[in-house]
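Asks: Just passing along the structure, written as structure tokens.
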4 protein chains.
Amino acid sequence: MVGGGPDAFIGGVHRMAAALDGRYDLVAGAFSSDARKSHDMGGELGLDPSRAYASYQEMAEAEAALPAGERIEVVSVVTPNHLHHAVAKVFLERDIHVVCDKPMTTTVEDAEELCRLAAERDLVFGVTHNYTGYPMVKEARARVRGGALGPLRKVIVEYSQGWLRTLLEEGGHKQAEWRGDPERAGVSSALGDIGSHAHNLVRYITGREATRLFADLGTVVAGRRLEDDATVLLELEGGVRAVLIASQIATGERNRLVIRAYGADAGLEWSQEDPNRLRIVDPHGDETILYRGSPALCDAARAATRLPGGHPEGFIEAFANVYRGIADAVEARSAHTSATSRPEPSHTALDFPTVQDGAIGVHFIHQAVRSSRDGAWVDMNWQPPPSTNEP
Amino acid sequence: MVGGGPDAFIGGVHRMAAALDGRYDLVAGAFSSDARKSHDMGGELGLDPSRAYASYQEMAEAEAALPAGERIEVVSVVTPNHLHHAVAKVFLERDIHVVCDKPMTTTVEDAEELCRLAAERDLVFGVTHNYTGYPMVKEARARVRGGALGPLRKVIVEYSQGWLRTLLEEGGHKQAEWRGDPERAGVSSALGDIGSHAHNLVRYITGREATRLFADLGTVVAGRRLEDDATVLLELEGGVRAVLIASQIATGERNRLVIRAYGADAGLEWSQEDPNRLRIVDPHGDETILYRGSPALCDAARAATRLPGGHPEGFIEAFANVYRGIADAVEARSAHTSATSRPEPSHTALDFPTVQDGAIGVHFIHQAVRSSRDGAWVDMNWQPPPSTNEP
Amino acid sequence: MVGGGPDAFIGGVHRMAAALDGRYDLVAGAFSSDARKSHDMGGELGLDPSRAYASYQEMAEAEAALPAGERIEVVSVVTPNHLHHAVAKVFLERDIHVVCDKPMTTTVEDAEELCRLAAERDLVFGVTHNYTGYPMVKEARARVRGGALGPLRKVIVEYSQGWLRTLLEEGGHKQAEWRGDPERAGVSSALGDIGSHAHNLVRYITGREATRLFADLGTVVAGRRLEDDATVLLELEGGVRAVLIASQIATGERNRLVIRAYGADAGLEWSQEDPNRLRIVDPHGDETILYRGSPALCDAARAATRLPGGHPEGFIEAFANVYRGIADAVEARSAHTSATSRPEPSHTALDFPTVQDGAIGVHFIHQAVRSSRDGAWVDMNWQPPPSTNEP
Amino acid sequence: MVGGGPDAFIGGVHRMAAALDGRYDLVAGAFSSDARKSHDMGGELGLDPSRAYASYQEMAEAEAALPAGERIEVVSVVTPNHLHHAVAKVFLERDIHVVCDKPMTTTVEDAEELCRLAAERDLVFGVTHNYTGYPMVKEARARVRGGALGPLRKVIVEYSQGWLRTLLEEGGHKQAEWRGDPERAGVSSALGDIGSHAHNLVRYITGREATRLFADLGTVVAGRRLEDDATVLLELEGGVRAVLIASQIATGERNRLVIRAYGADAGLEWSQEDPNRLRIVDPHGDETILYRGSPALCDAARAATRLPGGHPEGFIEAFANVYRGIADAVEARSAHTSATSRPEPSHTALDFPTVQDGAIGVHFIHQAVRSSRDGAWVDMNWQPPPSTNEP
């Protein structure tokens, strides 16, 4: 793990998500740019002290120097945004698979480079657009893509939070500080941090890319250096109309990520704060509420579930599904390259967001910033460098 | 009543709303452009046959010819949109107060004329933007305007329906037919029919007018002649950011009108399909759910309530509040003009949407159509001719 | 109307419910045992002063003396409980139909007498167990009785309120005062006032009578003279297990009446504070939420509905359905007895709770009091005197 | 771990709960009474083959024979009920701490023996009444015990499931099979399996023991050998009235565990399927919804939380809190007994259900069976053998 030191919320999430299914052991890390903090963190996590490194460069070199069975197979990159590219690159170059937080990079060019590197070396590169890990999101995807709503017509997605309603970044709040700093966060705050999740969720569920967009970004809190509120109108492939709302100043909202899709024949709705349910509406307005754990769900949703219905699963379980999917892909890659072939895993391999998904997210952020600056619709037709080996 | 014949949904609502509090007697009507249907409807409603008129012109003349105590005091105009102006005008010119459905007119010029007429003759002119009649909307208004959220920053309003997901207007569906016909509905369908309610609700609750807007109108169902889906970005006075979504093709949605307002210190949310509750969120995400009937509510909310908490009130009661407010205003006007002064009503007079509110709604629709056509922001600074006597 | 003076909540509800559909005119009343208050109330309601009577006896005599077309056809009895019997009796004896609040009487013997009187004179006698008027309750009934849940197994009904959490009756609160006084309320407070509604709802939806019960009544607030909290275990015909909870000291609950029924194949749930929905659960826990206004509903539910889905109806509309059903029955009786036969009403006649339903409710209350006193199960096999002419 | 073989749902839950916080390593197990299955399971879980035992007796002996730092410190007992006592006893006698599933034993005498054994040897003995692990349950407890509701008056708890709506135990369903068999489940099914959780939740939140109870147990599904539906009326210390409903035949309910408590000044409600919220109702019916993650919560609730608000936690996280509390207690015990003292843990130690809680649950089940058989109230005053060292 690179990043995820004592003040970092997301590092702990990555560790719990990796631990939940017993598919990962955390054996090495460069948890902080402060060598002492990194070593202390390693100690707290029970690591061999020699593998709590002072920097990610040191870690990459030292791990790559270990024998094949001893070195890390996968690295998790959970630093602030501006470091994702450099860290991921150095590990990819040493043939270590990567899990990277989002937004994947701060420029489109960097994103393209990671796509190319992962493809060249045939490495697994997962991006933690973790909301795709929820079973009921997988069910929504199966239904929308499978035509259960009829021809798709409209998508509304919203991701609202209220935690940046004040100028928190000026008060020493570590999380807010780097997210509000263009040097570390990149060109965007609201879209980069949460809007990109919403955009990815639209793509994941509908299977459609945006063809054009109109964005209106605003900085509501005086003194802030990046936008904290954004509305984006999207046209998706096939002329589907979509609205994306992202806000960090929606006071009182915790983590309100809600997506709705309407087809000619039905609609559906999923809400991240109530993730075990999926609402399907029929043309007369009667609703079916499907629950995680139901035998009516698709294979992917069922594979992504650990408990029977009525025993709520949450954020960590969904995050763990991304990690599980990456573990499946890494094992499949190892099996492929090893002399002795391994049996197929007994379970359905879970999908996960790829380096291409990460790149498309980075491109989205940049085009939205451009549209808002110009007050005009912008074209969205664009493709990242492809994978050689689709997961 | 003009309009409200056998196939008209809204006519019956107006009648129940007027009856609920015993403040109105229905004594005359021109219910249909078909004289026979109008007379039959009158009979069904127990009217004196001589006052079930063959046309609104005949009705206006005949009623105006009756002695003061016998003629109608107020007319309800519940025809398709294109007739609102002509009908309202003919009654105003005979000094009869008007209740008019929305959108008030199909052109801004007509709206201005009605404003001037009502002002010149000092008549009451209420527009049934009925959602303002809900007690919890009045509470939301008191809180937002009273500063309970802190400085206002963002508003999200959505009014989604699914009933026009097919080309219903081609199949003989009366309600859909005229709403889809530019000759009768005006320049807009989704914004005219429901978006104008959403826009009025924003104005009502926040007390702020739009200063500019960007609209994207779409016609999703092939063969339809007006837009059936719209997104409008609004900037309100004071730089408040607002998003308005209106759709008639959100399959499965019944009448999903939801408004949220976020200030620097708190947020609130009200949903028309669950109208007895008002959600207030504090900065930490904890919520207070206020109920209609609570002693914690403002005077206006309490005055608009008939039953204790836990005994649900709904659409008719809210609609009746608009009628009750108009009755209060008509009685106050009568008292003012009569020789013998009347005592003040014992209850708090309820507010209601005025002819100016109606005009601002018509202007909104037209500017949104223009913005969408041009793909550009448009200016919204505009004022209707004022009332001489604020209700 | 007898009762329903200035301090009485329920009188206003009865008046609005009667007015909503234009099927009743309020023309006479004895609104208070204080003659002056009764006359003032009549004036406020726009009655002919000669028909605002000083007592119900005077009203019964005077109205009976009027010619057939002029006298009242139906009387609404909305007094405290102890007067229901005497008032209803005096009007029945003059061949005037009766609408009576619940519990119908304070003794089983009185209830039996009213059953016999109504039967002998072939009069309509409706009891305002108003919760049966909700469309979705009618839908629940159709489904349970029609077998949609499979063989019925278990019913849970709860009616909780919190308004009597303090000794309100000592502080001059009119509503609490008589409800807490055995002289006026009868042998029970919680069961009489609200538990009897819950019991009637079980019978209405399931079509099954109790065969035995075990009750535990408690007086939680010190100084109170009747029970304010009760749990009743019921065995229904066919061995169906049922639990009934009624409380007036559930602090903070407004009017929480919720019923659930479970069969071998499915379950359902309806909640009075959210009355436009009906939840159906399938064996795997997936849910269907049916909405008032849906074409999927039964005839009775559709007949009991005034507005399309998404336009909430509430307590008054449901109450009005009881009144409408009684109007249908009175008109049918008039048609039957008049020389000239009348055409059938064009709409589906609505059902309503009868004098027998009222009597069964009174018997339930008395048996529950007995069971609780003895700490033992009691037999519930009992039948009221039958109607001669089922509505 | 003893039990938790391939068909056992709860074994996997225990393993994920133990893994989540990195406080436990699974190193040994007797997963099945079938030696081969046990070894296979050990292999699947990555255990040293020598520590996948053929029986719990073998495991106890072999582990006890290992040096102190190598042998297991804690054993999890996740077998069917009838084995809990024997397994727990053999490990306690070898000074190994115990985590035991519930109901703890099938007789009161066995429960008493475990209490005495744990006390004599000063061992940690946790019982997985896991619902106490939810942060919002801890908040409810703090509020009820701290007097936020005023004097407590009434508690309603319900635990309804529908999975046993058919005679599943006859069809080879392993989970249903042993739960329906008196030889393995004990004297009760519904109360033993889920009612005991509900009872423990009442005790946990209110801090009050039952003083008497009346129970009505029923076997709804023909052919079943134990009760599948139960209602229990409880009187708690201080005269608090309580109702407990437990059902396994509530068709369509997944895992509906809901508890409400009403005091003189306020009420509260928590629902296991929506575990991140706690509803508080004020006397006027307005509600406060507190969310997990809120700074308004008590220390215990905050200590039991891993993620910020809006990032849902669920069943595994709550279960893990029981495991974390036991780990805290085991470490504290080790520190106490070791020569070198250890520093205090930096975090708040979490509470967990003890062997006494387990015993009180077993006594409850037996008294309910007796009351139902006799159709009479039974006395509940009883105390298990005490701990020497309260956790």
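We label chains A, B, ... in the order they appear in the structure tokens, count residues from 1 in each chain, and number ligands from 1 in the order shown.
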Sorted by chain and rising residue number, which residues of chain B lie within 8 Å of chain A, and what are their closest atom pairs and distances in Å to one decimal, counting only C-alpha atoms, as a Markdown table?

Replies:
| residue | atom | partner | partner_atom | distance |
| --- | --- | --- | --- | --- |
| B:Arg153 | CA | A:Val220 | CA | 7.2 |
| B:Lys154 | CA | A:Ala250 | CA | 7.4 |
| B:Gly162 | CA | A:Pro283 | CA | 7.0 |
| B:Trp163 | CA | A:Pro283 | CA | 7.6 |
| B:Arg165 | CA | A:Ala264 | CA | 6.2 |
| B:Thr166 | CA | A:Ala264 | CA | 7.7 |
| B:Val220 | CA | A:Arg153 | CA | 7.2 |
| B:Thr231 | CA | A:Val243 | CA | 7.8 |
| B:Val243 | CA | A:Thr231 | CA | 7.8 |
| B:Ile249 | CA | A:Ala264 | CA | 7.8 |
| B:Ala250 | CA | A:Tyr262 | CA | 5.6 |
| B:Thr251 | CA | A:Ala266 | CA | 5.3 |
| B:Gly252 | CA | A:Gly285 | CA | 4.2 |
| B:Glu253 | CA | A:Gly285 | CA | 5.6 |
| B:Arg254 | CA | A:Gly285 | CA | 5.6 |
| B:Tyr262 | CA | A:Ala250 | CA | 5.6 |
| B:Gly263 | CA | A:Thr251 | CA | 6.6 |
| B:Ala264 | CA | A:Arg165 | CA | 6.2 |
| B:Asp265 | CA | A:Thr251 | CA | 6.6 |
| B:Ala266 | CA | A:Thr251 | CA | 5.3 |
| B:Gly267 | CA | A:Thr251 | CA | 5.6 |
| B:Val281 | CA | A:Gly252 | CA | 4.9 |
| B:Asp282 | CA | A:Gly252 | CA | 5.0 |
| B:Pro283 | CA | A:Gly252 | CA | 4.3 |
| B:His284 | CA | A:Gly252 | CA | 5.7 |
| B:Gly285 | CA | A:Gly252 | CA | 4.2 |
| B:Asp286 | CA | A:Gly252 | CA | 7.2 |
| B:Gly375 | CA | A:Ala376 | CA | 7.1 |
| B:Ala376 | CA | A:Ala376 | CA | 6.9 |
| B:Trp377 | CA | A:Gly375 | CA | 7.7 |

Asks: For the structure I just gave you, how does DSSP split segment 146-378 of chain C - specifically, which residues are helix (DSSP H, G or I)? Reply as a PyMOL selection string.

Replies: chain C and resi 146+168-171+174-179+182-185+190-206+299-303+315-337+355-374

Asks: Can you list, as a PyMOL selection string, every protein, DNA or RNA residue that comes within 9 Å of Leu307 of chain D when you count only C-alpha atoms, leaving out same-chain residues fewer than 5 positions away?

Replies: (chain A and resi 9+13+315-316) or (chain D and resi 292-293+312-313)

Asks: Export C-alpha atoms of the chosen residues as a tab-separated table (two decimals), in the first residue's frame?

Replies:
chain	number	residue	atom	x	y	z
A	9	PHE	CA	-9.77	7.73	5.85
A	13	VAL	CA	-11.23	1.28	3.98
A	315	PHE	CA	-19.85	0.15	1.92
A	316	ILE	CA	-16.99	-2.11	3.00
D	292	ARG	CA	-24.29	6.46	12.50
D	293	GLY	CA	-21.22	8.64	12.22
D	312	PRO	CA	-23.43	2.28	5.24
D	313	GLU	CA	-22.22	-0.27	7.73

Asks: Considering only C-alpha atoms, state which residue in the set B:Arg141, B:Asn81, B:Gln248, B:His129 is at the smallest distance from Leu167 of chain B.

Replies: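 Of the candidates, the smallest distance to Leu167 of chain B is held by B:Gln248.
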